[in-house]
Each structure stands twice: as structure tokens, then as C-alpha cells.
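A.B. asks: My file is structure03.cif. It has mmCIF, C-alpha atoms and all ligand atoms:
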data_structure
loop_
_atom_site.group_PDB
_atom_site.id
_atom_site.type_symbol
_atom_site.label_atom_id
_atom_site.label_comp_id
_atom_site.auth_asym_id
_atom_site.auth_seq_id
_atom_site.Cartn_x
_atom_site.Cartn_y
_atom_site.Cartn_z
ATOM 1 C CA MET X 286 0.000 0.000 0.000
ATOM 2 C CA ILE X 287 1.178 3.532 -0.738
ATOM 3 C CA VAL X 288 -0.370 6.434 1.155
ATOM 4 C CA ILE X 289 -0.355 9.574 -0.968
ATOM 5 C CA GLY X 290 -0.502 12.976 0.722
ATOM 6 C CA CYS X 291 -2.423 15.447 -1.424
ATOM 7 C CA SER X 292 -1.952 19.208 -0.974
ATOM 8 C CA ASN X 293 -4.292 19.764 2.009
ATOM 9 C CA SER X 294 -3.313 16.673 4.028
ATOM 10 C CA LYS X 295 0.384 15.887 3.703
ATOM 11 C CA THR X 296 1.139 15.807 7.440
ATOM 12 C CA LEU X 297 -1.886 13.667 8.259
ATOM 13 C CA ALA X 298 -1.164 11.291 5.357
ATOM 14 C CA LYS X 299 2.399 10.832 6.605
ATOM 15 C CA LYS X 300 1.096 9.944 10.071
ATOM 16 C CA ILE X 301 -1.414 7.479 8.614
ATOM 17 C CA ALA X 302 1.374 5.793 6.637
ATOM 18 C CA LYS X 303 3.538 5.628 9.760
ATOM 19 C CA ASN X 304 0.700 4.020 11.712
ATOM 20 C CA LEU X 305 0.247 1.448 8.967
ATOM 21 C CA LYS X 306 3.988 0.959 8.431
ATOM 22 C CA ALA X 307 3.176 1.663 4.782
ATOM 23 C CA GLU X 308 5.056 3.686 2.218
ATOM 24 C CA TYR X 309 4.288 7.418 2.085
ATOM 25 C CA SER X 310 4.594 9.624 -0.946
ATOM 26 C CA PRO X 311 3.496 13.232 -1.413
ATOM 27 C CA LEU X 312 1.608 14.131 -4.561
ATOM 28 C CA THR X 313 3.294 16.872 -6.536
ATOM 29 C CA ALA X 314 0.761 19.571 -7.369
ATOM 30 C CA LYS X 315 1.636 22.857 -9.032
ATOM 31 C CA HIS X 316 0.083 25.428 -11.299
ATOM 32 C CA PHE X 317 0.770 26.163 -14.913
ATOM 33 C CA PRO X 318 1.309 29.872 -15.648
ATOM 34 C CA ASP X 319 -2.377 30.221 -16.604
ATOM 35 C CA GLY X 320 -3.466 28.792 -13.243
ATOM 36 C CA GLU X 321 -4.353 25.293 -14.439
ATOM 37 C CA LEU X 322 -3.530 22.505 -12.020
ATOM 38 C CA TYR X 323 -0.709 20.029 -12.666
ATOM 39 C CA VAL X 324 -0.399 16.821 -10.630
ATOM 40 C CA LYS X 325 2.248 14.099 -10.669
ATOM 41 C CA PHE X 326 2.842 10.908 -8.676
ATOM 42 C CA GLU X 327 6.413 10.306 -7.570
ATOM 43 C CA LYS X 328 6.157 6.488 -7.174
ATOM 44 C CA ASN X 329 5.328 3.615 -9.440
ATOM 45 C CA LEU X 330 1.675 2.799 -8.683
ATOM 46 C CA LYS X 331 1.318 -0.321 -10.839
ATOM 47 C CA ASN X 332 -0.500 -3.123 -8.985
ATOM 48 C CA LYS X 333 -0.289 -1.237 -5.701
ATOM 49 C CA ASP X 334 -3.102 -0.378 -3.329
ATOM 50 C CA ILE X 335 -3.237 3.394 -3.378
ATOM 51 C CA VAL X 336 -4.746 5.616 -0.698
ATOM 52 C CA LEU X 337 -5.180 9.304 -1.485
ATOM 53 C CA VAL X 338 -5.587 11.547 1.547
ATOM 54 C CA GLN X 339 -7.104 14.953 0.953
ATOM 55 C CA THR X 340 -9.259 16.966 3.297
ATOM 56 C CA LEU X 341 -11.784 19.230 1.621
ATOM 57 C CA HIS X 342 -10.852 22.515 3.154
ATOM 58 C CA PRO X 343 -10.188 24.649 1.203
ATOM 59 C CA ALA X 344 -12.501 22.562 -0.948
ATOM 60 C CA ASN X 345 -12.674 23.654 -4.543
ATOM 61 C CA GLU X 346 -9.189 23.145 -5.916
ATOM 62 C CA ALA X 347 -8.699 20.186 -3.565
ATOM 63 C CA LEU X 348 -11.608 18.469 -5.256
ATOM 64 C CA LEU X 349 -10.125 18.972 -8.696
ATOM 65 C CA GLU X 350 -6.764 17.685 -7.426
ATOM 66 C CA ILE X 351 -8.441 14.490 -6.187
ATOM 67 C CA ILE X 352 -10.160 13.977 -9.537
ATOM 68 C CA LEU X 353 -6.962 14.496 -11.546
ATOM 69 C CA ALA X 354 -4.923 12.324 -9.162
ATOM 70 C CA GLY X 355 -7.559 9.598 -8.897
ATOM 71 C CA TYR X 356 -7.984 9.150 -12.652
ATOM 72 C CA THR X 357 -4.200 9.250 -13.091
ATOM 73 C CA ALA X 358 -3.698 6.577 -10.442
ATOM 74 C CA ARG X 359 -6.162 4.331 -12.312
ATOM 75 C CA ASP X 360 -4.372 5.068 -15.567
ATOM 76 C CA LEU X 361 -1.024 4.143 -14.006
ATOM 77 C CA GLY X 362 -2.330 0.718 -12.983
ATOM 78 C CA ALA X 363 -3.239 1.145 -9.285
ATOM 79 C CA LYS X 364 -4.844 -2.063 -8.029
ATOM 80 C CA LYS X 365 -7.194 -0.664 -5.414
ATOM 81 C CA LEU X 366 -7.915 3.007 -5.130
ATOM 82 C CA LYS X 367 -9.126 4.424 -1.841
ATOM 83 C CA LEU X 368 -9.832 8.025 -0.944
ATOM 84 C CA VAL X 369 -9.631 9.372 2.591
ATOM 85 C CA ILE X 370 -11.466 12.685 2.976
ATOM 86 C CA PRO X 371 -11.055 13.622 6.649
ATOM 87 C CA TYR X 372 -13.424 16.591 6.277
ATOM 88 C CA LEU X 373 -16.113 16.146 3.655
ATOM 89 C CA ALA X 374 -17.121 19.570 2.340
ATOM 90 C CA TYR X 375 -20.294 20.187 0.319
ATOM 91 C CA ILE X 376 -22.264 17.651 2.374
ATOM 92 C CA ARG X 377 -24.255 20.431 4.074
ATOM 93 C CA GLN X 378 -25.770 21.332 0.678
ATOM 94 C CA ASP X 379 -28.138 18.409 1.045
ATOM 95 C CA LYS X 380 -31.255 19.934 -0.506
ATOM 96 C CA ARG X 381 -32.369 22.705 -2.803
ATOM 97 C CA PHE X 382 -33.031 25.343 -0.151
ATOM 98 C CA ASN X 383 -34.104 27.918 -2.766
ATOM 99 C CA PRO X 384 -35.284 27.442 -6.359
ATOM 100 C CA GLY X 385 -32.424 27.141 -8.824
ATOM 101 C CA GLU X 386 -29.763 26.076 -6.319
ATOM 102 C CA ALA X 387 -27.365 23.172 -6.895
ATOM 103 C CA VAL X 388 -27.647 20.196 -4.549
ATOM 104 C CA SER X 389 -23.852 20.149 -4.381
ATOM 105 C CA SER X 390 -23.482 17.083 -2.156
ATOM 106 C CA LYS X 391 -25.071 14.829 -4.795
ATOM 107 C CA ILE X 392 -22.910 16.263 -7.576
ATOM 108 C CA THR X 393 -19.728 15.907 -5.517
ATOM 109 C CA GLY X 394 -20.722 12.292 -4.835
ATOM 110 C CA LYS X 395 -21.059 11.577 -8.565
ATOM 111 C CA LEU X 396 -17.619 13.069 -9.246
ATOM 112 C CA LEU X 397 -15.952 10.754 -6.739
ATOM 113 C CA ASN X 398 -17.758 7.476 -7.367
ATOM 114 C CA PHE X 399 -14.848 6.100 -9.434
ATOM 115 C CA PHE X 400 -12.861 5.425 -6.220
ATOM 116 C CA ASP X 401 -13.175 1.879 -4.848
ATOM 117 C CA GLU X 402 -13.807 3.178 -1.363
ATOM 118 C CA ILE X 403 -14.232 6.565 0.339
ATOM 119 C CA ILE X 404 -13.470 7.008 4.028
ATOM 120 C CA THR X 405 -14.472 10.105 5.921
ATOM 121 C CA ILE X 406 -14.785 11.317 9.502
ATOM 122 C CA ASP X 407 -17.978 12.652 11.043
ATOM 123 C CA PRO X 408 -19.607 13.891 7.858
ATOM 124 C CA HIS X 409 -22.411 16.358 8.533
ATOM 125 C CA LEU X 410 -25.339 14.041 7.866
ATOM 126 C CA HIS X 411 -28.479 16.007 8.530
ATOM 127 C CA ARG X 412 -31.221 15.343 6.005
ATOM 128 C CA TYR X 413 -29.289 12.335 4.642
ATOM 129 C CA LYS X 414 -29.523 9.242 6.816
ATOM 130 C CA SER X 415 -26.359 7.716 5.373
ATOM 131 C CA LEU X 416 -23.539 8.325 2.906
ATOM 132 C CA LYS X 417 -25.259 5.822 0.596
ATOM 133 C CA GLU X 418 -27.582 8.660 -0.400
ATOM 134 C CA VAL X 419 -24.560 10.604 -1.656
ATOM 135 C CA PHE X 420 -22.119 7.997 -2.999
ATOM 136 C CA LYS X 421 -22.731 4.837 -5.015
ATOM 137 C CA THR X 422 -19.269 3.465 -4.215
ATOM 138 C CA LYS X 423 -18.381 1.811 -0.900
ATOM 139 C CA THR X 424 -18.023 4.283 1.974
ATOM 140 C CA LYS X 425 -16.895 4.190 5.589
ATOM 141 C CA LYS X 426 -18.081 6.811 8.039
ATOM 142 C CA LEU X 427 -15.709 7.040 10.985
ATOM 143 C CA THR X 428 -16.321 9.068 14.109
ATOM 144 C CA ALA X 429 -13.860 10.919 16.331
ATOM 145 C CA ASN X 430 -16.255 10.554 19.299
ATOM 146 C CA ASN X 431 -14.032 8.077 21.151
ATOM 147 C CA LEU X 432 -10.956 10.232 20.678
ATOM 148 C CA ILE X 433 -12.846 13.285 21.931
ATOM 149 C CA LYS X 434 -14.128 11.285 24.892
ATOM 150 C CA GLU X 435 -10.589 10.250 25.828
ATOM 151 C CA TYR X 436 -9.395 13.843 25.445
ATOM 152 C CA ILE X 437 -12.118 15.091 27.793
ATOM 153 C CA LYS X 438 -11.385 12.370 30.351
ATOM 154 C CA LYS X 439 -7.734 13.397 30.340
ATOM 155 C CA ASN X 440 -8.245 17.151 30.511
ATOM 156 C CA TYR X 441 -11.484 17.854 32.434
ATOM 157 C CA LYS X 442 -13.144 16.875 35.686
ATOM 158 C CA ASN X 443 -16.950 16.658 35.818
ATOM 159 C CA PRO X 444 -17.693 18.964 32.893
ATOM 160 C CA VAL X 445 -21.171 19.717 31.593
ATOM 161 C CA ILE X 446 -21.507 19.179 27.866
ATOM 162 C CA ILE X 447 -23.564 21.446 25.639
ATOM 163 C CA GLY X 448 -24.552 20.903 22.015
ATOM 164 C CA PRO X 449 -25.568 24.104 20.194
ATOM 165 C CA ASP X 450 -28.382 22.518 18.176
ATOM 166 C CA GLU X 451 -30.364 19.380 17.518
ATOM 167 C CA GLU X 452 -27.831 18.207 14.913
ATOM 168 C CA SER X 453 -24.996 18.265 17.432
ATOM 169 C CA PHE X 454 -26.772 15.442 19.280
ATOM 170 C CA GLN X 455 -24.650 12.885 17.361
ATOM 171 C CA TRP X 456 -21.554 14.322 19.010
ATOM 172 C CA ALA X 457 -22.421 16.214 22.196
ATOM 173 C CA LYS X 458 -25.070 13.884 23.627
ATOM 174 C CA LYS X 459 -23.307 10.691 22.591
ATOM 175 C CA ILE X 460 -19.970 11.767 24.079
ATOM 176 C CA ALA X 461 -21.683 12.898 27.303
ATOM 177 C CA GLU X 462 -23.395 9.513 27.627
ATOM 178 C CA ASN X 463 -20.043 7.842 27.190
ATOM 179 C CA ILE X 464 -18.370 9.739 29.982
ATOM 180 C CA ASN X 465 -21.430 9.729 32.195
ATOM 181 C CA THR X 466 -21.798 13.432 32.450
ATOM 182 C CA GLU X 467 -24.673 15.894 32.145
ATOM 183 C CA ALA X 468 -25.540 17.236 28.716
ATOM 184 C CA ALA X 469 -28.002 19.571 27.108
ATOM 185 C CA ILE X 470 -28.827 20.405 23.535
ATOM 186 C CA LEU X 471 -29.804 23.987 22.751
ATOM 187 C CA GLU X 472 -31.992 25.293 19.968
ATOM 188 C CA LYS X 473 -30.412 27.125 17.056
ATOM 189 C CA THR X 474 -32.032 29.108 14.273
ATOM 190 C CA ARG X 475 -29.861 30.120 11.339
ATOM 191 C CA TYR X 476 -31.282 33.122 9.490
ATOM 192 C CA SER X 477 -28.307 33.345 7.104
ATOM 193 C CA PRO X 478 -24.751 31.903 7.032
ATOM 194 C CA LYS X 479 -23.583 34.570 9.494
ATOM 195 C CA ASN X 480 -26.773 35.240 11.447
ATOM 196 C CA VAL X 481 -27.397 32.574 14.053
ATOM 197 C CA LYS X 482 -29.519 32.711 17.206
ATOM 198 C CA VAL X 483 -29.202 30.154 19.998
ATOM 199 C CA LYS X 484 -31.749 29.592 22.805
ATOM 200 C CA ILE X 485 -31.572 27.565 26.002
ATOM 201 C CA LYS X 486 -34.841 25.618 26.027
ATOM 202 C CA SER X 487 -34.581 23.412 29.089
ATOM 203 C CA TYR X 488 -33.023 23.737 32.550
ATOM 204 C CA ILE X 489 -29.317 22.929 32.800
ATOM 205 C CA GLY X 490 -27.067 23.549 35.796
ATOM 206 C CA ILE X 491 -24.407 25.841 34.347
ATOM 207 C CA LYS X 492 -23.498 28.119 37.250
ATOM 208 C CA ASN X 493 -19.930 27.475 38.479
ATOM 209 C CA LYS X 494 -19.532 24.493 36.146
ATOM 210 C CA ASP X 495 -16.862 23.757 33.555
ATOM 211 C CA ILE X 496 -18.780 23.785 30.306
ATOM 212 C CA ILE X 497 -17.646 22.111 27.089
ATOM 213 C CA ILE X 498 -19.518 23.036 23.929
ATOM 214 C CA ILE X 499 -19.217 20.226 21.391
ATOM 215 C CA ASP X 500 -20.093 20.479 17.703
ATOM 216 C CA ASP X 501 -18.985 18.803 14.509
ATOM 217 C CA ILE X 502 -17.920 21.894 12.562
ATOM 218 C CA ILE X 503 -16.735 25.372 13.445
ATOM 219 C CA SER X 504 -17.060 27.260 10.175
ATOM 220 C CA THR X 505 -17.851 30.970 10.611
ATOM 221 C CA GLY X 506 -17.922 30.262 14.363
ATOM 222 C CA LYS X 507 -21.257 32.083 14.722
ATOM 223 C CA THR X 508 -22.958 28.983 16.163
ATOM 224 C CA ILE X 509 -20.273 28.553 18.795
ATOM 225 C CA LEU X 510 -20.092 32.252 19.629
ATOM 226 C CA GLY X 511 -23.889 32.470 20.003
ATOM 227 C CA THR X 512 -23.772 29.445 22.306
ATOM 228 C CA ILE X 513 -20.905 30.874 24.383
ATOM 229 C CA LYS X 514 -22.829 34.121 24.878
ATOM 230 C CA LYS X 515 -25.972 32.315 26.059
ATOM 231 C CA ILE X 516 -23.987 30.086 28.410
ATOM 232 C CA LYS X 517 -22.012 32.994 29.862
ATOM 233 C CA GLU X 518 -25.259 34.671 30.986
ATOM 234 C CA LYS X 519 -25.584 31.766 33.455
ATOM 235 C CA LYS X 520 -22.168 32.338 35.073
ATOM 236 C CA PRO X 521 -20.229 29.127 34.379
ATOM 237 C CA LYS X 522 -16.792 28.566 35.908
ATOM 238 C CA SER X 523 -15.255 28.127 32.458
ATOM 239 C CA VAL X 524 -16.278 27.528 28.859
ATOM 240 C CA SER X 525 -14.313 25.361 26.435
ATOM 241 C CA VAL X 526 -15.075 24.330 22.880
ATOM 242 C CA ILE X 527 -14.391 21.042 21.123
ATOM 243 C CA ALA X 528 -15.157 20.401 17.459
ATOM 244 C CA VAL X 529 -14.268 17.653 15.034
ATOM 245 C CA HIS X 530 -13.556 19.974 12.105
ATOM 246 C CA GLY X 531 -11.989 23.391 12.748
ATOM 247 C CA ILE X 532 -12.442 25.601 9.694
ATOM 248 C CA PHE X 533 -12.540 29.087 11.286
ATOM 249 C CA THR X 534 -13.485 31.164 8.248
ATOM 250 C CA ASP X 535 -14.251 34.397 10.084
ATOM 251 C CA SER X 536 -11.271 35.888 11.910
ATOM 252 C CA ILE X 537 -13.293 38.417 13.945
ATOM 253 C CA THR X 538 -15.658 35.739 15.271
ATOM 254 C CA TYR X 539 -12.717 33.454 15.900
ATOM 255 C CA LYS X 540 -10.980 36.097 18.035
ATOM 256 C CA GLU X 541 -14.190 36.581 20.029
ATOM 257 C CA ILE X 542 -14.425 32.833 20.624
ATOM 258 C CA GLU X 543 -10.788 32.700 21.707
ATOM 259 C CA LYS X 544 -11.293 35.626 24.099
ATOM 260 C CA ASN X 545 -14.301 33.989 25.731
ATOM 261 C CA THR X 546 -13.047 30.441 26.183
ATOM 262 C CA LYS X 547 -10.615 28.592 28.368
ATOM 263 C CA ARG X 548 -9.609 26.276 25.539
ATOM 264 C CA ILE X 549 -10.522 25.467 21.924
ATOM 265 C CA THR X 550 -9.727 21.974 20.672
ATOM 266 C CA THR X 551 -10.338 20.269 17.355
ATOM 267 C CA THR X 552 -9.133 17.132 15.629
ATOM 268 C CA ASN X 553 -6.539 17.324 12.860
ATOM 269 C CA THR X 554 -8.965 16.551 10.015
ATOM 270 C CA ILE X 555 -8.214 20.153 8.998
ATOM 271 C CA PRO X 556 -4.808 21.535 10.035
ATOM 272 C CA ASN X 557 -5.157 24.435 12.485
ATOM 273 C CA LYS X 558 -3.446 25.520 15.690
ATOM 274 C CA HIS X 559 -6.121 23.904 17.909
ATOM 275 C CA ALA X 560 -5.859 20.480 16.250
ATOM 276 C CA LYS X 561 -4.743 18.511 19.307
ATOM 277 C CA ILE X 562 -6.808 15.356 18.739
ATOM 278 C CA ASP X 563 -5.075 13.104 16.235
ATOM 279 C CA VAL X 564 -7.277 11.036 13.902
ATOM 280 C CA SER X 565 -4.431 9.271 12.043
ATOM 281 C CA GLY X 566 -4.738 6.086 14.138
ATOM 282 C CA LEU X 567 -8.479 5.949 13.571
ATOM 283 C CA ILE X 568 -8.008 6.203 9.808
ATOM 284 C CA ALA X 569 -5.107 3.745 9.772
ATOM 285 C CA ASP X 570 -7.207 1.171 11.682
ATOM 286 C CA SER X 571 -9.988 1.489 9.167
ATOM 287 C CA LEU X 572 -7.564 1.126 6.231
ATOM 288 C CA SER X 573 -6.069 -2.012 7.711
ATOM 289 C CA GLN X 574 -9.437 -3.779 8.041
HETATM 290 C C1 LIG Q 601 -24.549 22.722 11.619
HETATM 291 O O1 LIG Q 601 -25.617 22.519 12.145
HETATM 292 C C2 LIG Q 601 -23.265 22.284 12.217
HETATM 293 O O2 LIG Q 601 -23.453 21.304 13.177
HETATM 294 C C3 LIG Q 601 -22.485 23.437 12.814
HETATM 295 O O3 LIG Q 601 -23.157 23.925 13.930
HETATM 296 C C4 LIG Q 601 -22.324 24.518 11.798
HETATM 297 O O4 LIG Q 601 -21.876 24.004 10.598
HETATM 298 C C5 LIG Q 601 -21.370 25.569 12.300
HETATM 299 O O5 LIG Q 601 -21.327 26.614 11.367
HETATM 300 P P1 LIG Q 601 -20.876 28.059 11.803
HETATM 301 O O6 LIG Q 601 -19.586 27.930 12.519
HETATM 302 O O7 LIG Q 601 -20.745 28.791 10.483
HETATM 303 O O8 LIG Q 601 -21.952 28.640 12.639
#
Now, as a test, write the supplied structure out as C-alpha cells.
C.D. replies:
Amino acid sequence: MIVIGCSNSKTLAKKIAKNLKAEYSPLTAKHFPDGELYVKFEKNLKNKDIVLVQTLHPANEALLEIILAGYTARDLGAKKLKLVIPYLAYIRQDKRFNPGEAVSSKITGKLLNFFDEIITIDPHLHRYKSLKEVFKTKTKKLTANNLIKEYIKKNYKNPVIIGPDEESFQWAKKIAENINTEAAILEKTRYSPKNVKVKIKSYIGIKNKDIIIIDDIISTGKTILGTIKKIKEKKPKSVSVIAVHGIFTDSITYKEIEKNTKRITTTNTIPNKHAKIDVSGLIADSLSQ
């Protein structure tokens, strides 16, 4: 097996290869003077099992890189072709919210169906029940929940866990159940990508407690910031944030979150300075099965 690190995930791919004791090779990707993408493999792929690792943030060029590299790997005689997408972008576009819009998740799925298998971590499945509704090829949906649970056990004592919205149930509530701690899910309304309101609907003991807000994605950060503000009205001892995928697209919101929290932690599905939870072992285990 050769693990190939594409542009967005070289460090993670190297760690996965190390875990598997497999060969690692970075994909060469450059631009022609007119901006077109150029990709090149540096190893002989013939009859080898090839794993491409590429997280989809930033998503657009990364997607094209995967398509060029994937078809090239097939052309060069790869035996099995797997794709690891630690963060699966476009999955939140799971319906036509307004007339004329693209249902981008379905289209992305079609573009990637030529891989033999696609592995991803905590994809944002909301209206879709499973990845089968997006991809026709074999898929594996991994979760970082156990890694987050272990991280909390190591770093916190009797925290209270808060999920910002109903969708965060899959992470916040499940992790809380696993560590036997109190949890509550709040109610979020998103009026636009950057206008989010969060309400506390039921009683939760927050005063003087160490609160951990858990969500799958921090994108603009508006969801997390809205949640922090609501929680802070109830005078907690501290507020921390844990997310699987740390995107942080809005620097002003990010600074506000940083100012108002004891600690921000994410996994390394997307490289960022808070990525302290390593998913390489999780991915390596799944590749070795
Ligand atoms: C959506 O429901 C997700 O679970 C996250 O809450 C959301 O993607 C976060 O987005 P943002 O950081 O832009 O509020």
C-alpha cells in the first residue's frame, strides 16, 4: 500500500502511513502559468493499493486535485484506489433550499464514485440518513467521538456538555453519555450563514460548572459564539469548545471565541493551531481492516 498525501493533508497522510507501516509519498501539485492545475505521482503505482488523503478545506481546488490524481492513479495501474477525505465539504448542501440552487453534495458524490472506497470522519449528515444517499461506491463513516471522549477524560473533571443545536446530538449527547456526564442540547435558528440565534430551552445547571460546547464543525464560528454568549449569561466557571472539524473562516468571530473560552480543541482533520486530537490512528485502523 502507498499512502499519498495530497496538498491539504500531507502531514496527516504521513502519520497514517507511519501508523500502517506503509510507504508514504506526497503528490506533486503545481500550477501552470495560466493557473491550471498540474499533478504528478512520484512512485510507481502499478499493482499497488493506493490511498489518497485529501481533506476538503479549502474545498474547490482540492476536489479537482483528487479527480486528476484519482484518474491518473487508475491510468497508471493502481490495483485498489481508496480516498480518505477527513473533512467532507459540500455535504451540508443536502437539498435545494431555494429554487435554482445546486444540490452540491449529490454532484460531488457523482464526481468521486470512481474510487473503490471513500473514508471520511464525522460527515455532517443532517437530512441524509447515510452516505449511501450521496455515494454509489463503498463508503466508511468514521467518528472521532471516542478520541474526543478520551481527550475530555484526560483534561477535564466533571464537565457539563452542551450541544448548540439538535444536529450536534450525534456528538455532544453521545460523548456525554459515554463519559457519564450531564448534557443539554440547545436550539439554534440560522437566518443566514452569518446570522445565528441560539436559545436555552430546558433547565441545565451551568453556574460554576466547567462547560464544554461540542459540535462537529466550526465554520464561521457564529454557532459557537452564540452558544458561548448564552452560556455565559448563566455564570459558568469556564467555557471550552471542542469540534471535530476546525475551519474558522471568520477571523473576527474566531478572536471573540478565543477571548471567551478557556480552551478550543479540534481534531486534525483540517490543520489548524487547535488540532490537538489526532485522527491518524483511527483512519489507519480502518484502512487495515
Ligand atoms: C450545523 O448545524 C453544524 O453542526 C455546525 O453547527 C455549523 O456548521 C457551524 O457553522 P458556523 O460555525 O458557520 O456557525
A.B. asks: Around the point (-5.3, 28.8, 13.3) in the file's coordinates, collect all residues with an atom within 12 Å, using only C-alpha atoms, and return them as a PyMOL selection string.
C.D. replies: chain X and resi 503+531-536+539-540+543+549-551+553+555-561
A.B. asks: When the PyMOL selection byres (((chain X and resi 564) around 9) and not hetatm) is applied to the structure above, which residues does it catch, written out as a ChimeraX atom specification?
C.D. replies: /X:297,301,371,406,429,432,552-554,562-563,565-569
A.B. asks: Would you export the selected residues with C-alpha atoms as a PDB file, in the coordinates of the input, please?
C.D. replies:
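Final file, out-v7.pdb:
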ATOM      1  CA  LEU X 297      -1.886  13.667   8.259  1.00  0.00           C
ATOM      2  CA  ILE X 301      -1.414   7.479   8.614  1.00  0.00           C
ATOM      3  CA  PRO X 371     -11.055  13.622   6.649  1.00  0.00           C
ATOM      4  CA  ILE X 406     -14.785  11.317   9.502  1.00  0.00           C
ATOM      5  CA  ALA X 429     -13.860  10.919  16.331  1.00  0.00           C
ATOM      6  CA  LEU X 432     -10.956  10.232  20.678  1.00  0.00           C
ATOM      7  CA  THR X 552      -9.133  17.132  15.629  1.00  0.00           C
ATOM      8  CA  ASN X 553      -6.539  17.324  12.860  1.00  0.00           C
ATOM      9  CA  THR X 554      -8.965  16.551  10.015  1.00  0.00           C
ATOM     10  CA  ILE X 562      -6.808  15.356  18.739  1.00  0.00           C
ATOM     11  CA  ASP X 563      -5.075  13.104  16.235  1.00  0.00           C
ATOM     12  CA  SER X 565      -4.431   9.271  12.043  1.00  0.00           C
ATOM     13  CA  GLY X 566      -4.738   6.086  14.138  1.00  0.00           C
ATOM     14  CA  LEU X 567      -8.479   5.949  13.571  1.00  0.00           C
ATOM     15  CA  ILE X 568      -8.008   6.203   9.808  1.00  0.00           C
ATOM     16  CA  ALA X 569      -5.107   3.745   9.772  1.00  0.00           C
TER      17      ALA X 569
END
A.B. asks: Give the centre and edge lengths of an axis-aligned box, in Å to one decimal, that holds all listed atoms of ligand LIG 601 (chain Q) with 5 Å on each side, as lines of an AutoDock Vina configuration file.
C.D. replies:
center_x = -22.6
center_y = 25.0
center_z = 12.2
size_x = 16.0
size_y = 17.5
size_z = 13.4
A.B. asks: For the PyMOL selection byres (((chain X and resi 542) around 10) and not hetatm), applied here, can you spell out every residue it catches as a PyMOL selection string?
C.D. replies: chain X and resi 506-507+509-511+513-514+524-526+536-541+543-549
A.B. asks: For this file, the PyMOL selection byres (((not hetatm)) within 10 of (chain Q and resi 601)) selects which residues, as a PyMOL selection string?
C.D. replies: chain X and resi 377+408-411+448-456+473-475+477-482+499-512+528+530-535+538-539
A.B. asks: Rounded to one decimal place, report the CA of Leu368 in chain X-CA of Thr405 in chain X distance in Å.
C.D. replies: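 Spanning CA of Leu368 in chain X to CA of Thr405 in chain X is a straight-line distance of 8.5 Å.
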A.B. asks: Which one of X:Lys522, X:Lys325, X:Lys459, X:Lys367 sits closest to Ala354 in chain X if you count only C-alpha atoms?
C.D. replies: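 Of all the options, X:Lys325 lies closest to Ala354 in chain X.
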A.B. asks: May I ask for the distance between CA of Phe317 in chain X and CA of Ala374 in chain X, given in Å to one decimal place?
C.D. replies: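 Distance reported for this atom pair: 25.7 Å.
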A.B. asks: Name the residues, using the chain letters and numbers of the file, that sit within 10 Å of (-31.8, 25.5, 28.9) when counting only C-alpha atoms, and give them as a PyMOL selection string.
C.D. replies: chain X and resi 447+469-472+484-491+515-516+519
A.B. asks: Which distance in Å separates CA of Lys395 in chain X and CA of Lys421 in chain X, to one decimal?
C.D. replies: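 Value for the CA of Lys395 in chain X-CA of Lys421 in chain X distance: 7.8 Å.
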A.B. asks: X:Tyr356, X:Tyr323, X:Tyr372, X:Tyr476: which is nearest His342 in chain X, counting all atoms listed in the file?
C.D. replies: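 Going through X:Tyr356, X:Tyr323, X:Tyr372, X:Tyr476 one by one, the smallest distance to His342 in chain X is for X:Tyr372.
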A.B. asks: May I ask which of the residues X:Asp495, X:Glu418, X:Asp407, X:Glu308 is the closest one to Asn440 in chain X, counting only C-alpha atoms?
C.D. replies: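 Distance minimum relative to Asn440 in chain X lands on X:Asp495.
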A.B. asks: Using only C-alpha atoms, which of X:Asn329, X:Ser310, X:Gln574, X:Ser294 sits nearest Leu341 in chain X?
C.D. replies: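 Under the stated criterion, the closest residue is X:Ser294.
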A.B. asks: Looking at all atoms listed in the file, which of X:Lys391, X:Ser523, X:Leu373, X:Leu348 is the one that sits closest to Ile404 in chain X?
C.D. replies: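 For Ile404 in chain X, the nearest of the candidates is X:Leu373.
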A.B. asks: Please list as a PyMOL selection string every residue within 10 Å of Lys331 in chain X, counting only C-alpha atoms and excluding residues in the same chain fewer than 4 positions away.
C.D. replies: chain X and resi 335+358-364
